[in-house]
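Take a look at the structure set out below.
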Amino acid sequence: MAIISSRPITPGQRFLVRNKQELADKRPEKALTESIHHKKGRNCYGRITSRRRGGGHKRLYRQIDFRRDKLDIVATIQAIEYDPNRSANIALLKYTDGEISYILAPNGLKVGDTLFSTAKALTEFTPGLSLKLRNIPPATFVHAIELKPGQGARIARGAGVFAQLLGIEGDKAILKMPSGEQRYLHAECRATIGIVGNGEHQNRSIGKAGRNRWLGKRPRVRGMVMNPVDHPNGGGQGKSKGGGGRQHLKSPWGQLAKGFPTRAKAKTTNAMIIVRRNGKKVKKGK
């Protein structure tokens, strides 16, 4: 995989940087796709609750097996495919009993490899194996991790992302999250060995505004360039931070946008955090 740029024959190619990948040139499996409704930032009443979303290219949702609960049945990698719904690539599996499914494609996985999910302890750990955290040795890089046993993967699913298992204490596993936070998880939660593939995704450059529209992202106008009647940060002569009054950055409705924590202090799962993402240790009882 390599980062490539084009000779700028057109203006849109002047700043375009993309990652070259060897992916299967095929349509997704029809049995594993479904149509999804794009809400365009609207709630159930049709009112915009998430701004600057809309348009975008049509795309089918690929059903990813995040549970990996088909145990002790070997599967073979049939293809590595592109998924327009996520930054990571996906791998098409075919089990020995004929069933097919998609999973996130980790680094090092290639067509023809075999993998499986199991509840047993193993001696060899190759990318793509799905195990319980208690059966994985410390210091192993993992991805697609469950927050609750049997829930399905919730953590470390983006391109190039991974978490590190630091150790096991009884029924709890200590995990270093992609954000740097250290926290407890139940040792019965499942995780997949390896690092999510397509790590060069973060080095790409969109190149032109139209490509963002394909992704369903509409233009954003800064509040600082608006009039005072339209935004709390608007006004001022020329470029003026906060309308000349040096206000803090806010939303159009006056909600502070930066500089304060949004996580609820009374959240029950706070007790599972050992070290926060800012590097501060959590005191017991808080």
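In the structure tokens, the first chain shown is A, the next is B, and so on; residue numbers restart at 1 for each chain, and ligands run from 1 in the order shown.
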Which of range 2-187 of chain A fall in strand (DSSP E), as a PyMOL selection string: chain A and resi 2-5+17-20+33-34+61-62+75-81+90-95+100-104+114-115+130-132+141-143+145-146+153-155+163-169+172-176+182-186
Taking a cut-off of 12 Å and counting only C-alpha atoms, can you build a table that, for each residue of range 12-70 of chain A near range 121-141 of chain A, reports the nearest atom pair and how far apart they are in Å (one decimal), sorted by chain then residue number, as CSV?
```
residue,atom,partner,partner_atom,distance
A:Asp65,CA,A:Ser130,CA,11.3
A:Phe66,CA,A:Ser130,CA,10.1
A:Arg67,CA,A:Ser130,CA,9.3
A:Arg68,CA,A:Ser130,CA,6.8
A:Asp69,CA,A:Ser130,CA,8.9
A:Lys70,CA,A:Ser130,CA,9.9
```
Env of Ile206 in chain A: 7 Å cut, atoms = only C-alpha atoms, seq-sep filter 4 positions within chain, self excluded. Answer as a list of chain:residue names.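 So the residues in contact are A:Leu16, A:Val17, A:Arg211.
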Which of A:Leu185, A:Ile193, A:Ile36, A:Ala75 sits closest to Thr96 in chain A [using only C-alpha atoms]: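 Counting only C-alpha atoms, the residue closest to Thr96 in chain A is A:Ala75.
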Looking at A:Ile77, A:Ile3, A:Ala31, A:Val275, which one is nearest to Arg18 in chain A, with distances taken over only C-alpha atoms?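 Closest to Arg18 in chain A, using only C-alpha atoms: A:Ile3.
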Out of range 23-248 of chain A, which residues get helix (DSSP H, G or I) from DSSP, as a PyMOL selection string? chain A and resi 30-32+133-135+199-203+209-214+223-225+241-244
The selected residues should be written to file as a CSV table (one decimal), in the first residue's frame (atoms: N, CA and C atoms).
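File produced: part-v4.csv:
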```
chain,number,residue,atom,x,y,z
A,30,LYS,N,-24.6,-9.8,-2.5
A,30,LYS,CA,-25.9,-9.3,-2.4
A,30,LYS,C,-26.6,-9.8,-1.1
A,31,ALA,N,-26.3,-11.0,-0.7
A,31,ALA,CA,-26.9,-11.5,0.5
A,31,ALA,C,-26.4,-10.8,1.8
A,32,LEU,N,-25.3,-10.0,1.7
A,32,LEU,CA,-24.7,-9.4,2.8
A,32,LEU,C,-24.8,-7.9,2.7
A,133,LEU,N,-10.9,-12.0,25.8
A,133,LEU,CA,-9.7,-11.2,26.3
A,133,LEU,C,-8.9,-12.0,27.3
A,134,ARG,N,-9.5,-12.9,28.0
A,134,ARG,CA,-8.8,-13.7,29.0
A,134,ARG,C,-7.9,-14.7,28.4
A,135,ASN,N,-8.1,-15.0,27.1
A,135,ASN,CA,-7.3,-16.0,26.4
A,135,ASN,C,-6.2,-15.4,25.5
A,199,GLY,N,-4.2,1.6,7.1
A,199,GLY,CA,-3.7,2.6,8.0
A,199,GLY,C,-3.3,3.9,7.3
A,200,GLU,N,-3.0,3.8,6.0
A,200,GLU,CA,-2.6,5.0,5.2
A,200,GLU,C,-3.8,5.9,4.9
A,201,HIS,N,-5.0,5.5,5.4
A,201,HIS,CA,-6.2,6.3,5.1
A,201,HIS,C,-6.0,7.7,5.7
A,202,GLN,N,-5.4,7.8,6.8
A,202,GLN,CA,-5.2,9.1,7.5
A,202,GLN,C,-4.3,10.1,6.7
A,203,ASN,N,-3.5,9.6,5.8
A,203,ASN,CA,-2.6,10.4,5.0
A,203,ASN,C,-3.2,10.9,3.7
A,209,ALA,N,-13.5,20.3,-3.0
A,209,ALA,CA,-14.7,20.4,-2.2
A,209,ALA,C,-15.8,19.4,-2.7
A,210,GLY,N,-15.8,19.1,-4.0
A,210,GLY,CA,-16.8,18.1,-4.5
A,210,GLY,C,-16.7,16.8,-3.9
A,211,ARG,N,-15.5,16.4,-3.6
A,211,ARG,CA,-15.4,15.0,-3.0
A,211,ARG,C,-16.0,14.9,-1.6
A,212,ASN,N,-16.0,16.0,-0.9
A,212,ASN,CA,-16.7,16.1,0.4
A,212,ASN,C,-18.2,16.0,0.2
A,213,ARG,N,-18.7,16.6,-0.8
A,213,ARG,CA,-20.1,16.4,-1.1
A,213,ARG,C,-20.5,15.0,-1.4
A,214,TRP,N,-19.6,14.3,-2.1
A,214,TRP,CA,-19.9,12.9,-2.3
A,214,TRP,C,-20.0,12.1,-1.0
A,223,GLY,N,-18.7,30.8,12.2
A,223,GLY,CA,-19.5,31.8,12.9
A,223,GLY,C,-18.8,33.2,13.0
A,224,MET,N,-17.5,33.2,13.0
A,224,MET,CA,-16.7,34.4,13.1
A,224,MET,C,-16.9,35.4,11.9
A,225,VAL,N,-17.3,34.8,10.7
A,225,VAL,CA,-17.5,35.7,9.6
A,225,VAL,C,-19.0,36.1,9.4
A,241,LYS,N,-11.6,38.0,16.4
A,241,LYS,CA,-12.0,36.8,17.2
A,241,LYS,C,-13.1,37.2,18.1
A,242,GLY,N,-14.3,36.5,17.9
A,242,GLY,CA,-15.4,36.7,18.8
A,242,GLY,C,-16.0,38.1,18.7
A,243,GLY,N,-16.1,38.7,17.6
A,243,GLY,CA,-16.8,40.0,17.4
A,243,GLY,C,-16.2,41.1,18.2
A,244,GLY,N,-14.9,41.1,18.4
A,244,GLY,CA,-14.2,42.1,19.1
A,244,GLY,C,-14.3,42.1,20.6
```
Quick one: residues within 12 Å of Ser87 in chain A, only C-alpha atoms, excluding same-chain residues fewer than 2 positions away - as an MDAnalysis selection string? chainID A and resid 19 81:85 89:90 104:105 156:161 196:204 215
For range 47-62 of chain A: contacts at 6 Å, only C-alpha atoms, fewer than 3 positions along chain excluded, given as an mmCIF file with N, CA and C atoms, in the first residue's frame:
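Now in around10.cif:
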```cif
data_model
loop_
_atom_site.group_PDB
_atom_site.id
_atom_site.type_symbol
_atom_site.label_atom_id
_atom_site.label_comp_id
_atom_site.auth_asym_id
_atom_site.auth_seq_id
_atom_site.Cartn_x
_atom_site.Cartn_y
_atom_site.Cartn_z
ATOM 1 N N LEU A 32 -25.298 -10.042 1.670
ATOM 2 C CA LEU A 32 -24.719 -9.376 2.833
ATOM 3 C C LEU A 32 -24.848 -7.854 2.749
ATOM 4 N N THR A 33 -25.730 -7.370 1.879
ATOM 5 C CA THR A 33 -25.927 -5.923 1.754
ATOM 6 C C THR A 33 -27.391 -5.583 2.012
ATOM 7 N N GLU A 34 -27.602 -4.345 2.401
ATOM 8 C CA GLU A 34 -28.961 -3.854 2.582
ATOM 9 C C GLU A 34 -28.987 -2.355 2.312
ATOM 10 N N SER A 35 -30.163 -1.871 1.949
ATOM 11 C CA SER A 35 -30.340 -0.453 1.707
ATOM 12 C C SER A 35 -30.599 0.247 3.038
ATOM 13 N N LYS A 40 -29.760 12.577 6.637
ATOM 14 C CA LYS A 40 -29.376 13.938 6.240
ATOM 15 C C LYS A 40 -29.453 14.916 7.399
ATOM 16 N N GLY A 41 -29.170 14.431 8.597
ATOM 17 C CA GLY A 41 -29.155 15.297 9.764
ATOM 18 C C GLY A 41 -30.517 15.573 10.365
ATOM 19 N N ARG A 42 -31.589 14.922 9.865
ATOM 20 C CA ARG A 42 -32.946 15.173 10.355
ATOM 21 C C ARG A 42 -33.346 14.154 11.427
ATOM 22 N N ASN A 43 -34.217 14.591 12.348
ATOM 23 C CA ASN A 43 -34.764 13.661 13.325
ATOM 24 C C ASN A 43 -36.087 13.102 12.807
ATOM 25 N N ARG A 213 -18.696 16.553 -0.836
ATOM 26 C CA ARG A 213 -20.132 16.450 -1.104
ATOM 27 C C ARG A 213 -20.513 15.008 -1.426
ATOM 28 N N TRP A 214 -19.615 14.271 -2.087
ATOM 29 C CA TRP A 214 -19.879 12.852 -2.338
ATOM 30 C C TRP A 214 -20.017 12.082 -1.030
ATOM 31 N N LEU A 215 -19.279 12.545 -0.009
ATOM 32 C CA LEU A 215 -19.309 11.880 1.291
ATOM 33 C C LEU A 215 -20.488 12.315 2.160
ATOM 34 N N GLY A 216 -21.317 13.214 1.622
ATOM 35 C CA GLY A 216 -22.484 13.657 2.380
ATOM 36 C C GLY A 216 -22.207 14.817 3.308
ATOM 37 N N LYS A 217 -21.078 15.524 3.110
ATOM 38 C CA LYS A 217 -20.730 16.653 3.966
ATOM 39 C C LYS A 217 -21.020 17.956 3.224
ATOM 40 N N ARG A 218 -21.890 18.774 3.798
ATOM 41 C CA ARG A 218 -22.244 20.053 3.197
ATOM 42 C C ARG A 218 -21.305 21.162 3.678
#
```
Shell of 10 Å around Gln13 in chain A, only C-alpha atoms, local chain residues under 4 positions omitted, as a list in words: Ser5, Ser6, Arg7, Pro8, Ile9, Val17, Ile206, Gly207 and Lys208 of chain A
Best match for closeness to Gln255 in chain A among A:Arg222, A:Asn233, A:Lys120, A:Pro178, counting only C-alpha atoms: A:Asn233
Measuring between only C-alpha atoms, which one of A:Phe162, A:Lys267, A:Leu93, A:Ile4 shows the shortest distance to Ile195 in chain A?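 Smallest separation from Ile195 in chain A among the options: A:Phe162.
Put simply, CA of Gln151 in chain A is 15.4 Å away from CA of Ser117 in chain A.
Computed from the coordinates, the CA of Lys26 in chain A to CA of Ala2 in chain A distance equals 21.5 Å.
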Rank nothing, just name the residue among A:Arg14, A:Arg263, A:His37, A:His143 nearest to Leu175 in chain A, using only C-alpha atoms. A:His143
Neighbouring residues of Arg154 in chain A were defined as those with any atom within 9 Å, considering only C-alpha atoms; residues of the same chain fewer than 5 positions away were excluded. Please report them as a JSON list (two decimals) with C-alpha atoms, in the first residue's frame.
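The resulting file, around.json, is reproduced below:
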```json
[["chain", "number", "residue", "atom", "x", "y", "z"],
["A", 66, "PHE", "CA", -18.99, -7.84, 14.71],
["A", 144, "ALA", "CA", -12.94, -4.89, 17.18],
["A", 145, "ILE", "CA", -13.41, -5.22, 20.95],
["A", 146, "GLU", "CA", -16.67, -5.68, 22.80],
["A", 147, "LEU", "CA", -17.72, -3.36, 25.62]]
```
Separation of CA of Lys280 in chain A and CA of Lys265 in chain A, in Å?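 Between these atoms lies a distance of 15.4 Å.
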